[in-house]
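K.L.:
Structure file model08.txt (compact mmCIF, C-alpha atoms and all ligand atoms) is given on the next line.
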# COMPACT_ATOMS: atom_id res chain seq x y z
CA MET A 28 41.84 96.54 -1.98
CA ASN A 29 42.96 99.83 -3.49
CA ASN A 30 42.61 98.22 -6.92
CA HIS A 31 38.86 98.26 -6.51
CA LEU A 32 38.77 102.03 -6.27
CA SER A 33 37.73 104.05 -9.31
CA GLU A 34 40.31 105.36 -11.76
CA ARG A 35 38.87 108.79 -10.89
CA ILE A 36 40.00 108.69 -7.28
CA LYS A 37 43.23 106.82 -7.99
CA GLY A 38 44.25 109.63 -10.33
CA MET A 39 43.53 112.35 -7.79
CA SER A 40 46.14 113.85 -5.48
CA THR A 41 45.42 114.65 -1.87
CA SER A 42 45.04 118.39 -1.18
CA ALA A 43 48.57 119.41 -0.16
CA THR A 44 47.34 122.22 2.08
CA LEU A 45 45.02 119.92 4.00
CA ALA A 46 47.64 117.13 4.09
CA MET A 47 50.26 119.43 5.59
CA ALA A 48 47.74 120.74 8.13
CA ALA A 49 46.90 117.14 9.10
CA LYS A 50 50.59 116.28 9.43
CA ALA A 51 51.18 119.32 11.65
CA ARG A 52 48.21 118.29 13.80
CA GLU A 53 49.57 114.74 14.08
CA LEU A 54 53.05 115.95 15.11
CA ARG A 55 51.50 118.28 17.67
CA GLY A 56 49.61 115.27 19.04
CA GLN A 57 52.98 113.58 19.53
CA GLY A 58 54.04 116.51 21.68
CA LYS A 59 56.05 118.46 19.08
CA ASP A 60 55.87 122.25 19.20
CA ILE A 61 54.79 122.82 15.59
CA ILE A 62 53.97 126.29 14.26
CA GLY A 63 51.41 125.84 11.49
CA LEU A 64 51.86 128.25 8.59
CA SER A 65 50.46 125.81 6.06
CA LEU A 66 46.73 126.35 6.08
CA GLY A 67 45.08 129.39 4.53
CA GLU A 68 42.71 130.03 7.37
CA PRO A 69 42.18 133.32 9.23
CA ASP A 70 43.14 132.93 12.89
CA PHE A 71 40.42 135.34 14.01
CA ASN A 72 37.16 134.33 15.63
CA ILE A 73 33.99 134.89 13.66
CA PRO A 74 32.78 138.43 14.56
CA ASP A 75 30.10 138.40 17.27
CA PHE A 76 27.38 140.01 15.13
CA ILE A 77 27.60 137.04 12.74
CA LYS A 78 27.56 134.50 15.58
CA ASP A 79 24.45 136.20 16.96
CA ALA A 80 22.69 135.83 13.60
CA ALA A 81 23.45 132.09 13.60
CA LYS A 82 22.11 131.68 17.14
CA GLN A 83 18.97 133.54 16.13
CA ALA A 84 18.56 131.26 13.09
CA ILE A 85 18.62 128.20 15.37
CA ASP A 86 15.97 129.76 17.61
CA ASP A 87 13.93 130.67 14.53
CA ASN A 88 13.95 126.99 13.53
CA TYR A 89 15.89 127.17 10.32
CA SER A 90 16.17 123.41 10.42
CA SER A 91 14.69 122.19 7.12
CA TYR A 92 16.26 121.78 3.72
CA SER A 93 16.85 125.15 2.10
CA PRO A 94 16.22 125.72 -1.62
CA VAL A 95 19.08 123.98 -3.50
CA ASP A 96 20.55 127.27 -4.76
CA GLY A 97 20.15 129.07 -1.41
CA TYR A 98 17.51 131.13 0.42
CA VAL A 99 16.03 133.89 -1.73
CA ASP A 100 16.89 136.59 0.82
CA LEU A 101 20.48 135.35 0.94
CA LYS A 102 20.67 135.53 -2.85
CA GLU A 103 19.28 139.07 -2.63
CA ALA A 104 22.00 139.95 -0.13
CA ILE A 105 24.59 138.46 -2.49
CA SER A 106 23.11 140.37 -5.43
CA ASN A 107 23.39 143.62 -3.41
CA LYS A 108 26.93 142.75 -2.36
CA PHE A 109 27.92 142.23 -6.02
CA LYS A 110 26.46 145.67 -6.84
CA ARG A 111 27.97 147.42 -3.83
CA ASP A 112 31.49 145.94 -3.94
CA ASN A 113 31.98 144.92 -7.56
CA ALA A 114 29.56 147.05 -9.64
CA LEU A 115 28.24 143.75 -11.03
CA ASP A 116 24.58 143.22 -11.77
CA TYR A 117 23.69 139.61 -10.93
CA GLY A 118 19.99 138.92 -10.40
CA ILE A 119 18.92 136.20 -7.99
CA ASN A 120 18.50 133.67 -10.82
CA GLN A 121 22.17 134.10 -11.58
CA ILE A 122 23.36 133.21 -8.09
CA VAL A 123 24.00 129.77 -6.58
CA VAL A 124 24.99 129.29 -2.94
CA SER A 125 27.13 126.23 -2.17
CA THR A 126 29.02 124.47 0.61
CA GLY A 127 32.12 126.62 0.27
CA ALA A 128 33.71 128.19 -2.81
CA LYS A 129 35.41 124.83 -3.29
CA GLN A 130 32.04 123.28 -4.08
CA SER A 131 31.15 126.26 -6.28
CA LEU A 132 34.28 125.57 -8.32
CA ALA A 133 33.56 121.84 -8.51
CA ASN A 134 30.00 122.53 -9.69
CA VAL A 135 31.27 124.81 -12.45
CA ALA A 136 33.83 122.23 -13.61
CA MET A 137 31.22 119.48 -13.69
CA VAL A 138 28.69 121.50 -15.68
CA MET A 139 31.07 123.21 -18.10
CA LEU A 140 33.72 120.65 -19.03
CA ASN A 141 33.62 117.74 -21.41
CA LYS A 142 36.32 115.11 -21.59
CA GLY A 143 39.49 116.60 -23.07
CA ASP A 144 38.49 120.26 -22.69
CA GLU A 145 41.48 122.36 -21.77
CA VAL A 146 41.50 124.76 -18.83
CA ILE A 147 44.24 127.37 -18.66
CA LEU A 148 45.66 127.78 -15.16
CA PRO A 149 48.22 130.57 -14.74
CA ALA A 150 50.71 128.99 -12.32
CA PRO A 151 51.03 129.32 -9.40
CA TYR A 152 47.32 128.56 -8.97
CA TRP A 153 45.24 127.49 -5.99
CA VAL A 154 46.02 123.90 -5.07
CA SER A 155 42.60 122.35 -5.85
CA TYR A 156 42.01 123.83 -9.33
CA SER A 157 43.99 121.20 -11.13
CA ASP A 158 42.38 118.18 -9.45
CA ILE A 159 38.87 119.64 -9.72
CA VAL A 160 39.40 120.12 -13.46
CA LYS A 161 40.76 116.58 -13.82
CA LEU A 162 37.82 115.14 -11.90
CA ALA A 163 35.56 116.67 -14.54
CA GLU A 164 37.80 115.03 -17.21
CA GLY A 165 39.22 118.37 -18.27
CA ILE A 166 42.92 118.91 -18.92
CA PRO A 167 44.70 121.55 -16.83
CA ILE A 168 47.10 123.58 -18.96
CA GLU A 169 49.58 125.31 -16.70
CA VAL A 170 51.03 128.63 -17.81
CA PRO A 171 54.13 129.17 -15.69
CA THR A 172 54.77 132.69 -14.41
CA SER A 173 57.70 133.71 -12.27
CA ILE A 174 58.53 136.05 -9.47
CA ASP A 175 60.02 138.43 -12.07
CA THR A 176 56.51 139.24 -13.44
CA ASP A 177 55.00 139.24 -9.94
CA PHE A 178 53.55 135.81 -10.79
CA LYS A 179 51.03 137.30 -13.24
CA MET A 180 50.16 135.91 -16.66
CA THR A 181 50.68 138.33 -19.56
CA PRO A 182 48.27 138.62 -22.51
CA ALA A 183 50.96 137.11 -24.77
CA GLN A 184 51.28 134.08 -22.49
CA LEU A 185 47.51 133.65 -22.50
CA GLU A 186 47.36 133.86 -26.28
CA ALA A 187 50.15 131.30 -26.65
CA ALA A 188 48.34 128.82 -24.39
CA ILE A 189 45.06 128.91 -26.32
CA THR A 190 44.29 125.95 -28.60
CA PRO A 191 41.08 124.85 -30.36
CA LYS A 192 40.38 122.75 -27.24
CA THR A 193 40.57 125.61 -24.75
CA LYS A 194 37.29 125.88 -22.87
CA MET A 195 38.10 127.96 -19.81
CA LEU A 196 40.57 130.13 -17.93
CA TRP A 197 40.61 129.85 -14.12
CA PHE A 198 42.47 132.29 -11.91
CA SER A 199 42.29 134.01 -8.52
CA SER A 200 42.95 137.67 -7.77
CA PRO A 201 44.12 138.36 -5.10
CA CYS A 202 45.97 135.14 -5.82
CA ASN A 203 46.41 132.18 -3.56
CA PRO A 204 49.36 131.42 -3.28
CA SER A 205 51.30 134.42 -4.66
CA GLY A 206 49.25 137.29 -3.17
CA SER A 207 49.38 139.03 -6.57
CA VAL A 208 46.53 141.34 -7.50
CA TYR A 209 45.63 142.01 -11.15
CA SER A 210 45.01 145.68 -11.93
CA ARG A 211 42.20 146.85 -14.23
CA GLU A 212 44.74 147.44 -17.01
CA GLU A 213 46.16 143.94 -16.63
CA LEU A 214 42.70 142.37 -16.72
CA LYS A 215 41.80 144.48 -19.75
CA GLY A 216 44.87 143.09 -21.48
CA LEU A 217 43.72 139.52 -20.84
CA ALA A 218 40.15 140.43 -21.92
CA GLU A 219 41.48 141.84 -25.22
CA VAL A 220 42.88 138.40 -26.04
CA LEU A 221 39.74 136.58 -24.88
CA LYS A 222 37.54 138.78 -27.10
CA ARG A 223 39.06 137.04 -30.08
CA TYR A 224 38.00 133.64 -28.67
CA PRO A 225 34.30 133.93 -27.81
CA ASN A 226 33.99 130.29 -26.75
CA ILE A 227 36.36 130.57 -23.81
CA PHE A 228 34.78 131.05 -20.36
CA VAL A 229 36.45 132.49 -17.30
CA VAL A 230 36.34 131.49 -13.65
CA SER A 231 37.29 134.53 -11.60
CA ASP A 232 37.92 133.40 -8.02
CA GLU A 233 37.56 136.52 -5.86
CA ILE A 234 37.43 134.94 -2.43
CA TYR A 235 40.26 137.22 -1.20
CA GLU A 236 38.75 140.42 -2.65
CA HIS A 237 38.64 142.26 0.69
CA ILE A 238 42.13 141.17 1.74
CA ASN A 239 43.71 143.55 -0.73
CA PHE A 240 46.33 146.04 0.48
CA ARG A 241 46.48 148.13 -2.69
CA GLY A 242 42.70 148.68 -2.70
CA GLY A 243 40.47 148.80 -5.75
CA HIS A 244 39.61 145.17 -6.34
CA VAL A 245 38.64 144.62 -9.98
CA SER A 246 36.25 141.91 -11.22
CA ILE A 247 36.94 140.73 -14.75
CA ALA A 248 33.16 140.28 -15.28
CA GLY A 249 32.91 144.10 -15.20
CA ILE A 250 35.25 144.51 -18.18
CA ASP A 251 33.72 144.99 -21.66
CA GLU A 252 32.36 141.83 -23.26
CA MET A 253 33.37 139.61 -20.32
CA TYR A 254 30.15 139.53 -18.28
CA ASP A 255 28.39 136.88 -20.37
CA ARG A 256 31.32 134.49 -20.19
CA THR A 257 32.52 134.90 -16.63
CA ILE A 258 31.65 132.93 -13.53
CA THR A 259 32.49 135.07 -10.50
CA VAL A 260 33.27 132.91 -7.46
CA ASN A 261 33.30 134.21 -3.91
CA GLY A 262 32.55 133.14 -0.33
CA VAL A 263 32.71 134.08 3.32
CA SER A 264 35.58 131.84 4.47
CA LYS A 265 38.33 134.41 4.23
CA ALA A 266 36.92 137.92 4.76
CA PHE A 267 34.63 136.87 7.61
CA ALA A 268 36.83 134.11 9.10
CA MET A 269 33.97 131.67 8.47
CA THR A 270 36.00 128.78 7.01
CA GLY A 271 34.24 126.02 8.94
CA TRP A 272 30.75 127.31 8.22
CA ARG A 273 31.17 126.41 4.53
CA ILE A 274 29.41 129.01 2.43
CA GLY A 275 30.53 129.98 -1.07
CA TYR A 276 28.63 131.31 -4.07
CA ILE A 277 28.78 132.21 -7.73
CA GLY A 278 27.34 134.96 -9.91
CA ALA A 279 27.10 133.72 -13.50
CA PRO A 280 25.02 133.74 -16.68
CA GLU A 281 21.64 132.29 -15.77
CA TRP A 282 22.05 129.12 -17.85
CA ILE A 283 25.26 128.27 -15.98
CA ALA A 284 23.66 129.00 -12.59
CA LYS A 285 20.73 126.75 -13.51
CA ALA A 286 23.06 123.91 -14.47
CA CYS A 287 25.02 124.26 -11.22
CA THR A 288 21.76 124.11 -9.25
CA LYS A 289 20.73 120.97 -11.11
CA PHE A 290 24.09 119.34 -10.39
CA GLN A 291 24.13 120.39 -6.74
CA GLY A 292 20.56 119.10 -6.36
CA GLN A 293 21.74 115.58 -7.18
CA ASN A 294 24.90 115.93 -5.20
CA THR A 295 24.56 117.74 -1.86
CA SER A 296 21.38 119.90 -1.93
CA GLY A 297 21.30 123.36 -0.38
CA ALA A 298 24.14 124.48 1.90
CA ASN A 299 23.84 124.49 5.68
CA ALA A 300 20.73 126.48 6.66
CA ILE A 301 22.15 128.16 9.80
CA ALA A 302 25.31 129.24 8.00
CA GLN A 303 23.25 130.64 5.13
CA ARG A 304 21.21 132.78 7.53
CA ALA A 305 24.38 134.07 9.22
CA THR A 306 25.86 134.86 5.80
CA ILE A 307 23.03 137.31 5.11
CA THR A 308 24.12 139.30 8.16
CA ALA A 309 27.79 139.05 7.19
CA LEU A 310 27.23 140.30 3.64
CA GLU A 311 24.87 143.10 4.64
CA ALA A 312 27.43 144.54 7.08
CA PRO A 313 29.65 147.37 5.86
CA VAL A 314 33.23 146.35 5.09
CA SER A 315 34.30 148.61 7.98
CA LYS A 316 33.16 145.82 10.33
CA ILE A 317 35.94 143.52 9.10
CA GLN A 318 38.55 146.19 8.43
CA PHE A 319 40.42 145.30 11.65
CA MET A 320 41.26 141.86 10.21
CA ILE A 321 42.42 143.34 6.91
CA ASP A 322 44.61 145.84 8.78
CA GLN A 323 46.14 143.04 10.84
CA PHE A 324 46.94 141.01 7.71
CA HIS A 325 48.55 144.08 6.17
CA LYS A 326 50.73 144.61 9.25
CA ARG A 327 51.72 140.94 9.31
CA ARG A 328 52.55 140.99 5.60
CA ASP A 329 55.03 143.80 6.24
CA LEU A 330 56.47 142.04 9.28
CA VAL A 331 56.92 138.73 7.45
CA LEU A 332 58.56 140.41 4.45
CA ASP A 333 60.97 142.31 6.72
CA LEU A 334 61.92 139.17 8.63
CA LEU A 335 62.25 136.93 5.57
CA GLU A 336 64.41 139.47 3.77
CA GLU A 337 67.01 138.86 6.44
CA ILE A 338 67.36 135.23 5.33
CA GLU A 339 69.92 134.78 2.61
CA GLY A 340 68.63 132.77 -0.34
CA PHE A 341 64.95 133.77 -0.17
CA LYS A 342 63.70 135.71 -3.20
CA LEU A 343 60.46 137.57 -2.54
CA ASN A 344 57.80 139.53 -4.39
CA VAL A 345 55.59 141.96 -2.49
CA PRO A 346 52.19 140.27 -2.23
CA GLU A 347 49.42 142.86 -2.44
CA GLY A 348 46.61 140.71 -1.12
CA ALA A 349 45.48 137.40 0.46
CA PHE A 350 47.59 136.22 3.40
CA TYR A 351 50.48 134.31 1.88
CA VAL A 352 54.06 134.89 0.87
CA PHE A 353 55.47 132.69 -1.83
CA PRO A 354 59.27 132.94 -1.70
CA ASP A 355 61.46 131.42 -4.39
CA ILE A 356 63.84 129.16 -2.47
CA SER A 357 65.49 127.46 -5.45
CA SER A 358 68.90 128.81 -4.40
CA PHE A 359 68.90 126.02 -1.76
CA PHE A 360 68.49 123.22 -4.31
CA GLY A 361 71.49 120.88 -4.37
CA LYS A 362 72.68 122.02 -0.93
CA THR A 363 73.06 119.74 2.08
CA LEU A 364 71.92 121.20 5.39
CA ASN A 365 72.32 119.34 8.68
CA GLY A 366 72.97 116.17 6.67
CA ILE A 367 69.80 116.52 4.57
CA THR A 368 70.06 117.23 0.85
CA ILE A 369 67.50 119.64 -0.55
CA ASN A 370 66.65 118.72 -4.14
CA ASN A 371 63.33 120.49 -4.55
CA ALA A 372 60.66 122.60 -2.83
CA SER A 373 59.04 119.54 -1.22
CA ASP A 374 62.37 118.58 0.37
CA PHE A 375 62.70 122.15 1.58
CA ALA A 376 59.22 122.24 3.15
CA LEU A 377 59.85 118.87 4.83
CA TYR A 378 63.20 120.08 6.09
CA LEU A 379 61.51 123.11 7.70
CA LEU A 380 58.93 120.83 9.27
CA GLU A 381 61.45 118.37 10.65
CA LYS A 382 64.22 120.71 11.72
CA ALA A 383 62.43 123.97 12.52
CA ASN A 384 59.02 122.54 13.49
CA VAL A 385 57.38 124.97 11.05
CA ALA A 386 54.71 123.75 8.62
CA THR A 387 54.62 125.40 5.18
CA VAL A 388 53.45 124.04 1.81
CA THR A 389 55.59 123.11 -1.17
CA GLY A 390 55.09 125.28 -4.26
CA GLU A 391 54.83 122.10 -6.34
CA ALA A 392 51.24 121.74 -5.14
CA PHE A 393 50.48 125.14 -6.69
CA GLY A 394 52.27 124.43 -9.96
CA ASN A 395 55.52 126.20 -9.08
CA PRO A 396 58.44 123.94 -8.12
CA ASN A 397 60.80 126.74 -7.02
CA CYS A 398 58.76 128.20 -4.18
CA ILE A 399 57.12 127.42 -0.87
CA ARG A 400 53.95 128.98 0.48
CA ILE A 401 53.94 130.52 3.94
CA SER A 402 50.57 131.57 5.35
CA TYR A 403 50.77 134.57 7.65
CA ALA A 404 47.29 134.00 9.06
CA ALA A 405 48.95 133.55 12.45
CA SER A 406 49.79 135.82 15.39
CA GLU A 407 52.77 138.16 15.22
CA ASP A 408 54.47 136.19 18.00
CA GLU A 409 54.07 132.94 16.11
CA LEU A 410 55.34 134.54 12.90
CA ARG A 411 58.43 135.98 14.63
CA GLU A 412 59.19 132.67 16.31
CA ALA A 413 58.61 130.63 13.12
CA ILE A 414 60.85 132.81 10.99
CA SER A 415 63.60 132.90 13.58
CA ARG A 416 63.51 129.08 13.69
CA ILE A 417 63.64 128.91 9.89
CA LYS A 418 66.61 131.30 9.88
CA ALA A 419 68.40 129.19 12.49
CA VAL A 420 68.13 125.93 10.52
CA LEU A 421 69.19 127.50 7.24
N1 LIG B 501 39.59 129.56 -3.75
C1 LIG B 501 40.74 129.94 -3.17
C2 LIG B 501 41.70 130.75 -3.96
C3 LIG B 501 41.01 129.58 -1.84
O1 LIG B 501 42.15 129.95 -1.27
C4 LIG B 501 40.07 128.82 -1.13
C5 LIG B 501 40.41 128.45 0.29
N2 LIG B 501 39.95 127.31 0.79
C6 LIG B 501 38.89 128.44 -1.78
C7 LIG B 501 38.68 128.84 -3.09
C8 LIG B 501 37.83 127.62 -1.13
O2 LIG B 501 37.24 128.28 -0.09
P1 LIG B 501 35.98 127.71 0.72
O3 LIG B 501 35.64 126.38 0.14
O4 LIG B 501 36.43 127.65 2.13
O5 LIG B 501 34.89 128.72 0.50
N1 LIG B 502 42.25 127.66 0.87
C1 LIG B 502 43.02 127.30 2.01
C2 LIG B 502 44.43 127.04 1.61
O1 LIG B 502 44.79 127.22 0.47
C3 LIG B 502 42.37 126.22 2.81
C4 LIG B 502 42.74 124.80 2.55
C5 LIG B 502 42.00 124.16 1.45
O2 LIG B 502 40.78 124.31 1.37
O3 LIG B 502 42.68 123.52 0.65
O4 LIG B 502 45.23 126.69 2.44
Output the structure of this file as structure tokens.
P.N.:
Amino acid sequence: MNNHLSERIKGMSTSATLAMAAKARELRGQGKDIIGLSLGEPDFNIPDFIKDAAKQAIDDNYSSYSPVDGYVDLKEAISNKFKRDNALDYGINQIVVSTGAKQSLANVAMVMLNKGDEVILPAPYWVSYSDIVKLAEGIPIEVPTSIDTDFKMTPAQLEAAITPKTKMLWFSSPCNPSGSVYSREELKGLAEVLKRYPNIFVVSDEIYEHINFRGGHVSIAGIDEMYDRTITVNGVSKAFAMTGWRIGYIGAPEWIAKACTKFQGQNTSGANAIAQRATITALEAPVSKIQFMIDQFHKRRDLVLDLLEEIEGFKLNVPEGAFYVFPDISSFFGKTLNGITINNASDFALYLLEKANVATVTGEAFGNPNCIRISYAASEDELREAISRIKAVL
């Protein structure tokens, strides 16, 4: 029956992060003691002041369809947040609220890309970028970076990847999966190149902006000549631990925001009303209210780096944000461990799952075949136990 499915879905890969999380869940159901370090999901509860706002919204009967692009007062809160945190001036007609940043990204792809348009993805990139671009009939153009440049794309690499068909550049900073954070100087370098190509648009995915251990998050839309060609993507999943509540948003030139609203209106309509109301409270709160989570991630980052450095064969950068480490484990390729030959990063991740009962994600899903991604959005005890198991089976 599979033959009856569309070419569109047949050509799409399953999200590797979600697949690994499902596999870990399944193995746990069979009684296995799996430690899940595969999913990028904060392990904190949603702060009480945000839960209270959602409860209030239910009592206040926020039960009807919201405007497609989000409640006006939520868009005002987002506009203020962009000013406060990013020095960006997005009016409410430039903002679209969606069912997670994932939907924001899919909207942008569907409204900006024509068949055959090229989208530059500095690799490693977030797992869904490539399939979202392909769904919109765009062509992902991967620009490989390595641990030696802290997984960042240089201006020369960007320039070399540009062709007459290049329509967009998509990247995240702080980056999922590498944790790398672009500095203002580095972004200026990329902007210098882009200035020479006025028809290229940028998706700047800033969903990890607050989980940044070097401080000073920089939005590329704030750099000279970039504002009119940048779509700034953000959401509440990571900083506020609101993954399941599904709220993301964009700030963009008004004509792009309008197109996204039109597309979303035929696709899903406005995002969940209760979650939108709670998001107003989340975004109006000072960052100090979520600082405890950021501090915990920072502490865990240091712990995980210290523990992993003890394992021979892992090559590590120092991630400055998000909650992932992305070690290069290619030194294990070609080796046979406990009777299992490791030929690539997928073999390695499967080996860790089977022998150490630890779920990670292969770097192949992020466009880097030499690495695996380990999420440290887990308790210190779990992290210690997981890494000691990994060490034991290697
Ligand atoms: N972008 C990046 C870089 C992410 O890691 C995620 C995590 N899911 C998303 C976008 C999507 O976030 P959400 O849909 O939960 O808002
Ligand atoms: N962004 C998270 C991750 O990279 C959540 C999973 C997903 O949405 O793919 O693991």
K.L.:
Hey, can you check how far CA of Val146 in chain A sits from CA of Leu221 in chain A?
P.N.:
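So the answer is 13.4 Å.
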K.L.:
Counting all atoms listed in the file, figure out which residue out of A:Ser210, A:Thr257, A:Thr176, A:Gln303 gets nearest to Met269 in chain A.
P.N.:
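Of A:Ser210, A:Thr257, A:Thr176, A:Gln303, the one nearest Met269 in chain A, counting all atoms listed in the file, is A:Gln303.
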K.L.:
Would you mind listing, for every residue of chain A within 9 Å of ligand LIG 502 (chain B), the two atoms forming the shortest contact and the distance between them in Å to one decimal, using only C-alpha atoms and all ligand atoms, sorted by chain and ascending residue number, as CSV?
P.N.:
residue,atom,partner,partner_atom,distance
A:Ser42,CA,B:LIG502,O3,5.9
A:Ala43,CA,B:LIG502,O3,7.2
A:Thr44,CA,B:LIG502,O4,5.0
A:Leu45,CA,B:LIG502,O3,5.4
A:Ala46,CA,B:LIG502,O3,8.8
A:Ala48,CA,B:LIG502,C4,8.5
A:Ser65,CA,B:LIG502,O4,6.4
A:Leu66,CA,B:LIG502,O4,4.0
A:Gly67,CA,B:LIG502,O4,3.4
A:Glu68,CA,B:LIG502,C3,6.0
A:Lys129,CA,B:LIG502,O2,7.1
A:Trp153,CA,B:LIG502,O1,6.5
A:Val154,CA,B:LIG502,O1,6.6
A:Ser155,CA,B:LIG502,O3,6.6
A:Asn203,CA,B:LIG502,O1,6.6
A:Pro204,CA,B:LIG502,O1,7.3
A:Ser264,CA,B:LIG502,N1,8.7
A:Lys265,CA,B:LIG502,N1,8.5
A:Thr270,CA,B:LIG502,C3,8.0
A:Val388,CA,B:LIG502,O4,8.7
A:Ser402,CA,B:LIG502,O4,7.8
K.L.:
With the cut-off set at 12 Å and counting only C-alpha atoms, tabulate each residue of range 114-198 of chain A with an atom at most that distance from an atom of range 91-103 of chain A, showing the nearest atom pair and its distance in Å to one decimal, ordered by chain and increasing number, as a tab-separated table.
P.N.:
residue	atom	partner	partner_atom	distance
A:Asp116	CA	A:Glu103	CA	11.4
A:Tyr117	CA	A:Glu103	CA	9.4
A:Gly118	CA	A:Glu103	CA	7.8
A:Ile119	CA	A:Lys102	CA	5.5
A:Asn120	CA	A:Lys102	CA	8.5
A:Gln121	CA	A:Lys102	CA	9.0
A:Ile122	CA	A:Lys102	CA	6.3
A:Val123	CA	A:Asp96	CA	4.6
A:Val124	CA	A:Gly97	CA	5.1
A:Ser125	CA	A:Asp96	CA	7.1
A:Thr126	CA	A:Gly97	CA	10.2
A:Ser131	CA	A:Asp96	CA	10.8
A:Asn134	CA	A:Asp96	CA	11.7
K.L.:
Please identify all polymer residues within 12 Å of Thr190 in chain A, counting all atoms listed in the file, omitting same-chain residues fewer than 6 positions from it, and present them as a ChimeraX atom specification.
P.N.:
/A:143-147,168,224,226-227
K.L.:
Given the point (47.1, 137.2, -0.9) in the coordinates of this file, which residues lie within 6 Å, counting all atoms listed in the file, and how would they look as a PyMOL selection string?
P.N.:
chain A and resi 201-203+206+348-351
K.L.:
Do you know which residues are at most 10 Å from Ile414 in chain A counting all atoms listed in the file, after dropping those on the same chain fewer than 4 positions away, and could you put them as a PyMOL selection string?
P.N.:
chain A and resi 331+334-335+337-338+383+385+409-410+418-419
K.L.:
Write the residues you've just listed into a file as a PDB file, in the coordinates of the input, and include C-alpha atoms for each of them.
P.N.:
ATOM      1  CA  VAL A 331      56.920 138.730   7.450  1.00  0.00           C
ATOM      2  CA  LEU A 334      61.920 139.170   8.630  1.00  0.00           C
ATOM      3  CA  LEU A 335      62.250 136.930   5.570  1.00  0.00           C
ATOM      4  CA  GLU A 337      67.010 138.860   6.440  1.00  0.00           C
ATOM      5  CA  ILE A 338      67.360 135.230   5.330  1.00  0.00           C
ATOM      6  CA  ALA A 383      62.430 123.970  12.520  1.00  0.00           C
ATOM      7  CA  VAL A 385      57.380 124.970  11.050  1.00  0.00           C
ATOM      8  CA  GLU A 409      54.070 132.940  16.110  1.00  0.00           C
ATOM      9  CA  LEU A 410      55.340 134.540  12.900  1.00  0.00           C
ATOM     10  CA  LYS A 418      66.610 131.300   9.880  1.00  0.00           C
ATOM     11  CA  ALA A 419      68.400 129.190  12.490  1.00  0.00           C
TER      12      ALA A 419
END
K.L.:
From the options A:Val314, A:Leu343, A:Glu407, A:Gln323, which residue's atoms come nearest to Asp112 in chain A, counting all atoms listed in the file?
P.N.:
A:Val314
K.L.:
Which is closest to ligand LIG 501 (chain B) among A:Val263, A:Ala300, A:Ile36, A:Ala104, if we use all atoms listed in the file?
P.N.:
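Of A:Val263, A:Ala300, A:Ile36, A:Ala104, the one nearest ligand LIG 501 (chain B), counting all atoms listed in the file, is A:Val263.
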K.L.:
Give me the residues within 6 Å of Asn261 in chain A as a list in words, counting only C-alpha atoms and dropping any in the same chain fewer than 2 places off.
P.N.:
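Selected residues are Glu233, Ile234, Gly275 and Tyr276 of chain A.
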K.L.:
First collect every listed atom of ligand LIG 501 (chain B); then fit an axis-aligned box around them, widen it by 8 Å on each side, and give centre and edge lengths in Å to one decimal, as AutoDock Vina command-line options.
P.N.:
--center_x 38.5 --center_y 128.6 --center_z -0.9 --size_x 23.3 --size_y 20.4 --size_z 22.1
K.L.:
Please list as a ChimeraX atom specification every residue within 12 Å of Glu219 in chain A, counting all atoms listed in the file and excluding residues in the same chain fewer than 5 positions away.
P.N.:
/A:181-183,185-186,212-214,224-225,247,250-253
K.L.:
Could you tell me how far CA of Tyr235 in chain A sits from CA of Gly292 in chain A, in Å to one decimal place?
P.N.:
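Between these atoms lies a distance of 27.3 Å.
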K.L.:
From the list A:Ala51, A:Ile417, A:Ala386, A:Ile238, which residue is nearest ligand LIG 501 (chain B) when using all atoms listed in the file?
P.N.:
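Comparing A:Ala51, A:Ile417, A:Ala386, A:Ile238 against ligand LIG 501 (chain B), the winner is A:Ile238.
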K.L.:
For Val230 in chain A, which residue among A:Lys382, A:Lys289, A:Arg256, A:Lys50 is the nearest when counting only C-alpha atoms?
P.N.:
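Comparing A:Lys382, A:Lys289, A:Arg256, A:Lys50 against Val230 in chain A, the winner is A:Arg256.
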K.L.:
For Ser205 in chain A, find every residue with an atom within 8 Å (counting only C-alpha atoms), except residues of its own chain fewer than 2 positions away, and show them as a tab-separated table (two decimals) with C-alpha atoms, keeping the file's coordinate frame.
P.N.:
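Done, and the output landed in result_4.tsv:
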chain	number	residue	atom	x	y	z
A	151	PRO	CA	51.03	129.32	-9.40
A	178	PHE	CA	53.55	135.81	-10.79
A	202	CYS	CA	45.97	135.14	-5.82
A	203	ASN	CA	46.41	132.18	-3.56
A	207	SER	CA	49.38	139.03	-6.57
A	346	PRO	CA	52.19	140.27	-2.23
A	351	TYR	CA	50.48	134.31	1.88
A	352	VAL	CA	54.06	134.89	0.87
A	353	PHE	CA	55.47	132.69	-1.83
A	400	ARG	CA	53.95	128.98	0.48
K.L.:
Between CA of Val260 in chain A and CA of His237 in chain A, what is the distance, to one decimal in Å?
P.N.:
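About the pair CA of Val260 in chain A and CA of His237 in chain A: they are 13.5 Å apart.
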K.L.:
Which residue is closest to Gly271 in chain A? Choose from A:Ala302, A:Thr172, A:Met47, A:Ala188 and count only C-alpha atoms.
P.N.:
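Closest to Gly271 in chain A of all the choices is A:Ala302.
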